[in-house]
Every structure is written in C-alpha cells, then in structure tokens.
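Data block below; observations after.
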2 protein chains.
Amino acid sequence: LTTPNKVSSLSEAELISRIKARLPPPPDWLIVGVGDDAAVIEPERNRLEVQTVDALVEGIHFDRAFTPPEAIGHRAVAVNLSDLAAMGATPRLALLSMGLPAGLPLADFDAIVESLVTVAARHRLHVVGGNLTRSPGPLIIDVAVTGTVKRRQVLTRSGARPGDEIYVSGSLGGAAAGLQALQVRLGGAVPPAAATSADTTDIEARYLYPDPRVRLGTLLARNRAATACIDLSDGLADGLRQIAEASSVGVEVDAEALPIDTATRAWFEARGDDAILASMSGGDDYELLLTVRPRLRKRLRAAERHGGVSLTRIGVCTTERSCLLRRRTAEGLKTVPLPHGFSHFR
Amino acid sequence: LTTPNKVSSLSEAELISRIKARLPPPPDWLIVGVGDDAAVIEPERNRLEVQTVDALVEGIHFDRAFTPPEAIGHRAVAVNLSDLAAMGATPRLALLSMGLPAGLPLADFDAIVESLVTVAARHRLHVVGGNLTRSPGPLIIDVAVTGTVKRRQVLTRSGARPGDEIYVSGSLGGAAAGLQALQVRLGGAVPPAAATSADTTDIEARYLYPDPRVRLGTLLARNRAATACIDLSDGLADGLRQIAEASSVGVEVDAEALPIDTATRAWFEARGDDAILASMSGGDDYELLLTVRPRLRKRLRAAERHGGVSLTRIGVCTTERSCLLRRRTAEGLKTVPLPHGFSHFR
C-alpha cells in the first residue's frame with residue numbers, strides 16, 4: 001500500500017517546477033517570467049491597463065467535499081476573467097498566489113494548476129509569476145490579473161442614464177441552484193421535498209465551471225453599445241443596485257422577462273422557493289449586466305451575434321432613484337422593491 | 001461593558017469605505033480606482049512593468065500573539081517593495097486582497113490598513129483596488145504590486161560573472177534573532193540560558209518593521225553598477241545559491257566580512273548558536289544581495305551614499321560552480337559549503 005503524495009512532500013521549488021511545466025511558451029512581451037523576484041513585462045502600447053484580484057478561500061467560496069480540483073482552478077481564473085470582461089478589457093497576464101494545506105494531495109495540486117492554466121490559455125491570459133506558501137488550514141487561491149483596453153472603450157458601472165434599457169447575458173440563478181444541488185448530492189445537505197430525482201448535472205456545472213463573458217465584454221467595449229456594465233458575481237439584484245448607485249439612476253425590472261432556465265426554475269420550485277427572487281439573489285452567475293441606449297440596440301445585437309451568448313432585455317433605467325421589480329400576481333401587475341443581493345463576504 | 005467591535009459586524013462595503021478613507025488622493029494616472037469591477041490605469045510611457053505578489057498568512061508568516069497589527073500591515077507591503085527593489089523597479093501600484101477571520105477586532109483591521117497605506121505612501125505605492133473576503137481561520141493578507149523600470153536597467157538574478165564582487169546591504173540575521181526574541185518575550189518560547197535580560201527592542205523591530213531597500217534598488221538600476229541582484233527574504237545562504245544558479249557561477253563568501261551587528265551576534269551566542277551560520281540561514285532580512293564588477297566599485301559606492309544604507313563586500317563570484325564559506329578556525333582558514341537557506345514555505 002502506498003499513501004498518496006501530499007504537497008508537503010515537495011519543496012516550494014519543486015512545486016513551482018510543476019507549475020512551470022504546465023505553462024504555454026512565454027509571449028514575446030514577457031521579458032522576465034517565473035523564477036526571479038518579480039515578472040518583467042512590456043506594456044501594450046496605446047492601451048490602458050485593467051487590474052483586479054479575487055481570492056477563493058476554502059470554507060468560504062468552495063467546499064472540497066463537492067468542488068473537484070479542476071473546478072477550483074477553473075473558478076479561480078474565471079472569476080477574475082469575468083471582472084475584466086465587465087470592464088471591456090482583453091485578458092493579458094495573471095499572478096497566481098496559493099496557500100497550500102500540508103495535506104493537500106499532490107494530484108489535486110496538479111489538477112488545480114492544470115485547469116487554471118488551461119482556462120487562462122483559452123482566454124490568452126498568461127501566468128507570469130506568483131507565490132506559494134503553506135496554509136495552516138484552508139486552501140487559498142488568490143489570482144491577480146491584468147487586462148488591456150483602449151481609453152475610449154472602458155466599461156464602468158457609472159455611465160447608465162434614465163431611459164437606458166437593461167440587458168443581461170445568458171441565464172440567471174443556475175449557479176446558485178447548482179451549488180444547492182451539490183450540497184444535497186455530495187455535501188450532506190437535506191434534499192428538497194420534490195425533484196430529488198431530477199438530473200442536476202447542468203446546474204451543477206453552472207456553479208463549478210462558469211464561462212466568463214470575455215468575448216462579449218470586449219465586443220461591447222469596441223462597438224460602444226453599452227453605457228454601463230458589471231458582472232454578476234454577487235447576483236443580479238446586487239448588480240442592479242451597484243449600477244443604479246454608481247450611475248445615479250433608478251431601475252425597473254420586469255420579473256417575467258428574466259432569463260431563468262427550466263432546470264433552475266424546477267430546482268427552486270421543488271424547494272418551495274420563489275424562483276424569480278432566488279435567481280435574482282443568488283451569486284456566482286458571472287454573467288454581464290449592462291445598460292444600453294435604445295437607439296444603440298442594433299449594435300448590441302451585433303455584439304450578441306459574435307459574443308457567443310444571448311442577451312435578454314430585462315428592464316429600464318429610470319430618473320426616480322429606486323430599484324423596483326414589476327411582477328404579475330393574481331391581483332394584476334405589482335411593483336415591489338428589488339430583493340437583496342448575495343454577498344460573497346459571508 | 002461594551003464588547004469591542006469585530007469585522008464581522010460590518011459589511012464588505014463598510015470595510016471598503018474604511019480603506020478608501022485612508023487612501024491618499026488618487027494619482028492622475030489612475031483612471032478608475034477602488035469601487036468598480038477593476039482598476040483602470042494609464043501605464044507609464046517608455047517603461048517596463050515589474051509585477052509580483054506575496055502573501056502573509058497567519059500561523060505561517062506571523063503570529064498575532066507577538067505581531068501587532070501595525071507590523072502585519074507594514075510587513076505585507078514591505079515584502080513586496082523589497083521584491084520590486086531587487087528588480088531595480090520604482091513602486092507604482094498595489095492590489096490588496098485580505099481574508100478576514102470573523103473575530104478580528106475592527107481596531108486591528110483599521111491598524112493593519114493604516115500601517116499598510118502609510119508604508120505604501122512613503123514609497124509612492126498607490127493602493128488602487130483589491131478584494132475582501134472572510135476567512136474560516138487565519139488572517140490572510142495578499143498584496144500584488146506593480147513597479148516600473150527602464151528596459152536597460154532591469155536587475156535580475158542571472159547577470160553575475162566570475163570575478164564579480166558580492167555585496168550585501170545593511171546587516172544580517174537581525175530579523176531572525178528578533179523573531180526568536182519575540183517568541184521568547186511574548187510567544188511563550190523557552191528563553192536562551194544567557195542574555196535574557198538583554199534589550200531586544202532593536203532586533204525585534206528588524207523582524208516587525210523591515211525597511212525595504214527601494215531607494216538603493218532604483219539607484220543601482222540607474223547607475224548600472226550591479227550585474228545581479230536579489231532580496232534576502234529567504235536569507236543570505238538562499239540568496240547566494242539563487243544568484244549562483246541563475247548566473248551559472250560559484251560563490252565564495254568570507255565569514256569574517258559578514259555584517260552582523262552586536263545585538264544579533266549576542267542573541268545567537270546566548271542561545272549557543274553559531275552567529276554566522278544563524279545569520280546566513282535566517283529569513284526576513286529584506287536586504288539586497290548584489291554582484292558588481294570590480295571596476296564598477298566606485299559607482300556602487302555612489303549608490304550607497306545616496307541609498308541610505310551601507311553596502312558590505314562579503315565575497316566573490318567564481319568560475320567553479322560551488323557555494324563556499326571561508327571561515328577562520330583554530331586550525332586556520334577553512335572552506336566549508338554554504339549552510340542551507342531559510343524557507344518561508346514551511
């Protein structure tokens with residue numbers, strides 16, 4: 001009997017070698033790569049830089065009981081790519097900082113790195129450096145990324161104006177439903193009364209392997225269709241409030257227009273939850289939420305055609321600074337306040 | 001009786017506000033700062049960028065029992081500034097990623113941020129964004145930094161040639177001795193037999209508040225005195241081996257020449273340790289180790305005069321690729337292999 005290797009059996013230099021072995025050939029703008037005190041980079045000419053950082057911490061953002069190492073690596077990069085997409089930026093480089101519990105199987109470490117590097121390469125994001133350290137407890141993956149964007153093409157949260165239409169990419173709530181399904185199937189959570197026999201593969205994948213809307217973001221930036229943009233890492237309700245606050249507008253959203261797919265709706269309804277509210281409040285969707293002047297609608301549809309994901313009009317920006325949801329009820333149309341958002345800061 | 005406020009009593013947005021309130025006015029190159037999905041930056045013209053990341057994890061890199069919050073914030077920035085200095089880069093911007101245990105006192109959070117922002121500002125490093133998350137256990141502070149440097153002035157580990165002289169800034173072993181002193185005074189470690197009454201304030205400060213050699217690094221880069229450079233985060237022995245390996249040279253170091261101050265020497269000797277070996281193997285010094293062609297010695301002394309820290313010649317690079325230490329013993333001069341380095345990856 002052999003015990004599986006743990007990361008603690010290797011030195012930092014050996015682990016770095018395993019990362020380096022998985023990296024694609026360095027781009028020509030990388031003057032000094034992994035292995036010195038820091039990476040040295042030739043900046044792209046005539047572009048602004050977009051920088052952000054996002055950490056995944058075990059026990060807060062994921063549970064190893066139901067998040068395979070491939071998904072951990074995938075999500076660590078995807079959440080950052082999603083932030084770049086929301087700014088209209090083209091991904092360029094990443095710094096990878098990992099805190100490794102001594103007992104982490106080496107095979108898991110390899111799978112995390114492999115997945116992380118693969119997702120990065122798919123979006124032309126190059127890992128140029130980083131830092132490895134031990135962790136006394138949780139597995140920690142902290143990725144800092146840099147993208148580039150032309151000065152006049154930066155997308156922010158603050159450009160929406162009253163009358164702008166509100167659109168969202170893809171569909172909503174799938175990741176939140178998928179996380180619940182994983183917690184039931186593998187995490188020991190109590191299953192909902194009904195629908196326990198439903199196939200939850202699709203919604204689970206929405207949580208585990210989000211597809212950041214990088215292409216859509218850069219297309220929106222280039223054709224300047226959007227007046228404001230944000231990603232839905234903290235859910236639709238939060239995203240709407242953030243745009244409303246940053247842009248000094250109100251929003252009015254049509255509940256019936258929200259793109260919620262059948263499996264997601266079925267999952268929430270089987271739990272006895274309100275599928276619309278649950279889909280608006282759930283986090284981890286990593287879709288883009290954007291506002292568009294009605295006269296630029298055609299440009300928006302051009303970005304949609306080449307962006308590889310559908311865009312659904314869900315509401316409108318208003319002068320009155322309140323955040324409202326219009327719902328059809330037995331007594332007719334009713335306007336209620338937006339539900340509260342999801343917070344990763346739990 | 002009032003219980004002290006914990007970070008868990010505040011929302012992420014409220015904590016971000018407390019960070020923003022401590023930031024100096026944004027520089028003109030910062031197009032979008034804290035508060036959007038990412039920061040947007042105008043790159044500096046005609047400069048390469050230098051990027052690195054370094055994490056401090058509670059229980060691995062520091063112990064809150066004897067590391068005050070001011071020191072945690074200070075060190076989190078200083079370790080990154082030291083990496084920039086080793087590349088000859090001028091600090092520019094930082095992304096701050098924190099993992100906060102729910103029980104962290106709000107006053108500690110404030111003190112960490114205050115100290116971090118103060119040290120950053122002293123070196124013209126601007127915090128432009130970041131990420132806050134909860135931590136299920138350790139306090140985590142992960143800082144990613146970007147600096148700038150002219151193309152022909154980048155300092156790497158790989159430029160040393162046989163015959164180059166080896167210099168080190170400041171003095172050695174103080175941080176390692178200071179850490180031991182803190183462990184004895186506040187961490188419950190067993191004191192050494194002798195010298196327990198010695199004043200350890202100075203060596204403790206060397207561990208808690210390292211002074212990154214930013215000015216020296218940029219001066220060395222500008223006057224091109226150094227052929228290779230590295231910072232001593234993992235100790236002198238490790239730094240020497242790294243330069244030797246990256247530059248394909250050997251090194252021969254004179255033990256008697258090593259700059260070890262009286263308090264450090266006294267501390268190690270009171271423990272019965274070999275002060276020279278302990279000072280070479282101890283980490284956290286954050287001095288610069290560099291190699292210089294003998295004919296450029298004058299330039300080096302010019303950098304020393306304006307760099308605010310002494311430089312001591314400690315050895316020479318050799319053709320023969322071994323790492324040796326020359327020591328005076330009772331039987332005369334003796335040449336032994338370098339001791340092994342310190343690893344933060346423990």
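Within each chain, counting starts at residue 1; across the structure tokens, chains are named A, B, ... in the order shown, with ligands numbered 1 upward in that order.
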### Message
Distance limit 7 Å, atoms considered: only C-alpha atoms. Which chain A residues sit that close to chain B? Return them as a PyMOL selection string.
### Response
chain A and resi 12+36-43+48-54+57+59-60+83-84+86-87+95+97+129-131+133-137+144+156-157+230+345-346
### Task
Report as a PyMOL selection string: the residues of segment 24-260 of chain A with a DSSP assignment of helix (DSSP H, G or I), based on the backbone of this structure.
chain A and resi 69-86+106-122+151-153+174-185+201-208+214-223+236-247+255-257
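The protein and nucleic acid residues lying at most 8 Å from Ser310 of chain A are A:Ser169, A:Gly170, A:Glu304, A:Arg305, with only C-alpha atoms considered and sequence neighbours fewer than 3 positions away removed.
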Pro210 of chain A: which residues within 12 Å, counting only C-alpha atoms, same-chain residues fewer than 2 positions away excluded, as an mmCIF file with N, CA and C atoms, in the first residue's frame?
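Okay, this is what ended up in around-v5.cif:
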data_model
loop_
_atom_site.group_PDB
_atom_site.id
_atom_site.type_symbol
_atom_site.label_atom_id
_atom_site.label_comp_id
_atom_site.auth_asym_id
_atom_site.auth_seq_id
_atom_site.Cartn_x
_atom_site.Cartn_y
_atom_site.Cartn_z
ATOM 1 N N ALA A 71 -12.477 22.166 -10.834
ATOM 2 C CA ALA A 71 -13.405 23.290 -10.707
ATOM 3 C C ALA A 71 -12.789 24.420 -9.891
ATOM 4 N N ILE A 72 -11.983 24.073 -8.890
ATOM 5 C CA ILE A 72 -11.338 25.116 -8.073
ATOM 6 C C ILE A 72 -10.412 25.960 -8.956
ATOM 7 N N GLY A 73 -9.587 25.288 -9.756
ATOM 8 C CA GLY A 73 -8.681 26.016 -10.652
ATOM 9 C C GLY A 73 -9.443 26.821 -11.687
ATOM 10 N N HIS A 74 -10.486 26.204 -12.252
ATOM 11 C CA HIS A 74 -11.298 26.870 -13.260
ATOM 12 C C HIS A 74 -11.917 28.154 -12.693
ATOM 13 N N ARG A 75 -12.554 28.023 -11.534
ATOM 14 C CA ARG A 75 -13.257 29.172 -10.963
ATOM 15 C C ARG A 75 -12.300 30.280 -10.540
ATOM 16 N N ALA A 76 -11.113 29.890 -10.030
ATOM 17 C CA ALA A 76 -10.161 30.913 -9.570
ATOM 18 C C ALA A 76 -9.781 31.858 -10.703
ATOM 19 N N VAL A 77 -9.694 31.320 -11.935
ATOM 20 C CA VAL A 77 -9.371 32.170 -13.087
ATOM 21 C C VAL A 77 -10.636 32.835 -13.629
ATOM 22 N N ALA A 78 -11.729 32.066 -13.701
ATOM 23 C CA ALA A 78 -12.956 32.568 -14.328
ATOM 24 C C ALA A 78 -13.504 33.807 -13.614
ATOM 25 N N VAL A 79 -13.442 33.824 -12.282
ATOM 26 C CA VAL A 79 -13.995 34.964 -11.552
ATOM 27 C C VAL A 79 -13.232 36.247 -11.889
ATOM 28 N N ASN A 80 -11.930 36.108 -12.121
ATOM 29 C CA ASN A 80 -11.136 37.278 -12.496
ATOM 30 C C ASN A 80 -11.364 37.676 -13.952
ATOM 31 N N LEU A 81 -11.480 36.677 -14.835
ATOM 32 C CA LEU A 81 -11.769 36.981 -16.245
ATOM 33 C C LEU A 81 -13.101 37.712 -16.359
ATOM 34 N N SER A 82 -14.043 37.325 -15.504
ATOM 35 C CA SER A 82 -15.353 37.959 -15.520
ATOM 36 C C SER A 82 -15.249 39.446 -15.154
ATOM 37 N N VAL A 119 -7.769 27.154 -18.557
ATOM 38 C CA VAL A 119 -8.777 28.210 -18.713
ATOM 39 C C VAL A 119 -8.092 29.527 -19.065
ATOM 40 N N GLY A 170 -26.785 35.466 -20.972
ATOM 41 C CA GLY A 170 -27.016 34.093 -20.505
ATOM 42 C C GLY A 170 -28.277 33.944 -19.691
ATOM 43 N N SER A 171 -28.196 33.111 -18.633
ATOM 44 C CA SER A 171 -29.364 32.934 -17.781
ATOM 45 C C SER A 171 -28.974 33.044 -16.319
ATOM 46 N N LEU A 172 -29.981 33.201 -15.493
ATOM 47 C CA LEU A 172 -29.768 33.584 -14.090
ATOM 48 C C LEU A 172 -30.080 32.460 -13.109
ATOM 49 N N GLY A 174 -28.686 29.803 -12.168
ATOM 50 C CA GLY A 174 -28.217 28.430 -12.366
ATOM 51 C C GLY A 174 -27.104 28.046 -11.401
ATOM 52 N N ALA A 175 -26.184 28.968 -11.172
ATOM 53 C CA ALA A 175 -25.059 28.654 -10.287
ATOM 54 C C ALA A 175 -25.534 28.466 -8.850
ATOM 55 N N ALA A 176 -26.462 29.325 -8.416
ATOM 56 C CA ALA A 176 -26.970 29.209 -7.049
ATOM 57 C C ALA A 176 -27.738 27.897 -6.871
ATOM 58 N N GLY A 178 -27.269 25.218 -8.705
ATOM 59 C CA GLY A 178 -26.266 24.155 -8.821
ATOM 60 C C GLY A 178 -25.495 23.947 -7.532
ATOM 61 N N LEU A 179 -25.166 25.043 -6.856
ATOM 62 C CA LEU A 179 -24.473 24.937 -5.565
ATOM 63 C C LEU A 179 -25.353 24.195 -4.564
ATOM 64 N N ASP A 202 -26.471 19.846 -15.247
ATOM 65 C CA ASP A 202 -26.300 21.143 -15.915
ATOM 66 C C ASP A 202 -26.153 22.299 -14.933
ATOM 67 N N ILE A 203 -27.032 22.326 -13.934
ATOM 68 C CA ILE A 203 -26.943 23.453 -12.990
ATOM 69 C C ILE A 203 -25.680 23.324 -12.133
ATOM 70 N N GLU A 204 -25.282 22.110 -11.792
ATOM 71 C CA GLU A 204 -24.029 21.945 -11.037
ATOM 72 C C GLU A 204 -22.847 22.503 -11.836
ATOM 73 N N ALA A 205 -22.853 22.242 -13.141
ATOM 74 C CA ALA A 205 -21.761 22.742 -13.990
ATOM 75 C C ALA A 205 -21.745 24.260 -14.042
ATOM 76 N N ARG A 206 -22.937 24.862 -13.911
ATOM 77 C CA ARG A 206 -23.005 26.326 -13.923
ATOM 78 C C ARG A 206 -22.278 26.907 -12.712
ATOM 79 N N TYR A 207 -22.363 26.188 -11.590
ATOM 80 C CA TYR A 207 -21.612 26.623 -10.405
ATOM 81 C C TYR A 207 -20.127 26.289 -10.542
ATOM 82 N N LEU A 208 -19.842 25.071 -10.977
ATOM 83 C CA LEU A 208 -18.454 24.591 -10.951
ATOM 84 C C LEU A 208 -17.580 25.187 -12.053
ATOM 85 N N PRO A 212 -16.766 32.764 -18.244
ATOM 86 C CA PRO A 212 -16.717 34.227 -18.192
ATOM 87 C C PRO A 212 -16.962 34.816 -19.575
ATOM 88 N N ARG A 213 -17.665 35.938 -19.621
ATOM 89 C CA ARG A 213 -18.132 36.508 -20.898
ATOM 90 C C ARG A 213 -17.097 37.460 -21.495
ATOM 91 N N VAL A 214 -15.890 36.910 -21.662
ATOM 92 C CA VAL A 214 -14.756 37.718 -22.110
ATOM 93 C C VAL A 214 -14.993 38.289 -23.503
ATOM 94 N N LEU A 232 -22.007 39.655 -12.714
ATOM 95 C CA LEU A 232 -22.981 39.242 -11.698
ATOM 96 C C LEU A 232 -22.399 38.298 -10.659
ATOM 97 N N SER A 233 -21.159 38.537 -10.238
ATOM 98 C CA SER A 233 -20.565 37.657 -9.232
ATOM 99 C C SER A 233 -21.402 37.648 -7.961
ATOM 100 N N GLY A 283 -25.714 34.222 -6.061
ATOM 101 C CA GLY A 283 -24.442 34.697 -6.595
ATOM 102 C C GLY A 283 -23.847 33.724 -7.588
ATOM 103 N N ASP A 284 -22.620 34.010 -8.001
ATOM 104 C CA ASP A 284 -21.784 33.106 -8.796
ATOM 105 C C ASP A 284 -22.224 32.911 -10.237
ATOM 106 N N ASP A 285 -23.134 33.779 -10.743
ATOM 107 C CA ASP A 285 -23.559 33.588 -12.126
ATOM 108 C C ASP A 285 -22.499 34.011 -13.150
ATOM 109 N N TYR A 286 -21.736 35.051 -12.838
ATOM 110 C CA TYR A 286 -20.682 35.541 -13.743
ATOM 111 C C TYR A 286 -21.190 35.851 -15.144
ATOM 112 N N GLU A 287 -22.452 36.330 -15.193
ATOM 113 C CA GLU A 287 -22.955 36.904 -16.431
ATOM 114 C C GLU A 287 -22.657 38.400 -16.421
#
### Task
List every residue of segment 108-276 of chain B that DSSP, applied to the backbone, labels as strand (DSSP E or B), and write the result as JSON, numbers by chain.
{"B": [126, 127, 128, 129, 130, 131, 132, 133, 134, 135, 140, 141, 142, 143, 144, 145, 146, 147, 148, 149, 165, 166, 167, 168, 169, 226, 227, 228, 229, 230, 231, 250, 251, 252, 253, 254]}
### Message
At a cut-off of 6 Å, using only C-alpha atoms, what residues contact Thr291 of chain B? Leave out same-chain residues fewer than 3 positions from it and give the result as an MDAnalysis selection string.
### Response
chainID B and resid 164:166 226:228
### Task
For Gly307 of chain A, list every protein, DNA or RNA residue within 9 Å, evaluated using only C-alpha atoms, and leave out those in the same chain fewer than 4 positions away; present the list as an NGL selection string.
:A and (213-220 or 302-303)
### Query
Expressed in Å to a single decimal, how great is the separation between atom CA of Thr262 of chain B and atom CA of Gly282 of chain B?
16.1 Å
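In this structure, atom CA of Val253 of chain B sits 10.5 Å away from atom CA of Leu236 of chain B.
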### Spatial neighbours of Ile19 of chain A, 9 Å, only C-alpha atoms, chain gap at least 4 places, as a list in words
Glu14, Leu15, Leu23, Asp110, Val113, Glu114 and Val117 of chain A
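Atom CA of Ala237 of chain A is positioned 10.0 Å from atom CA of Ala278 of chain A.
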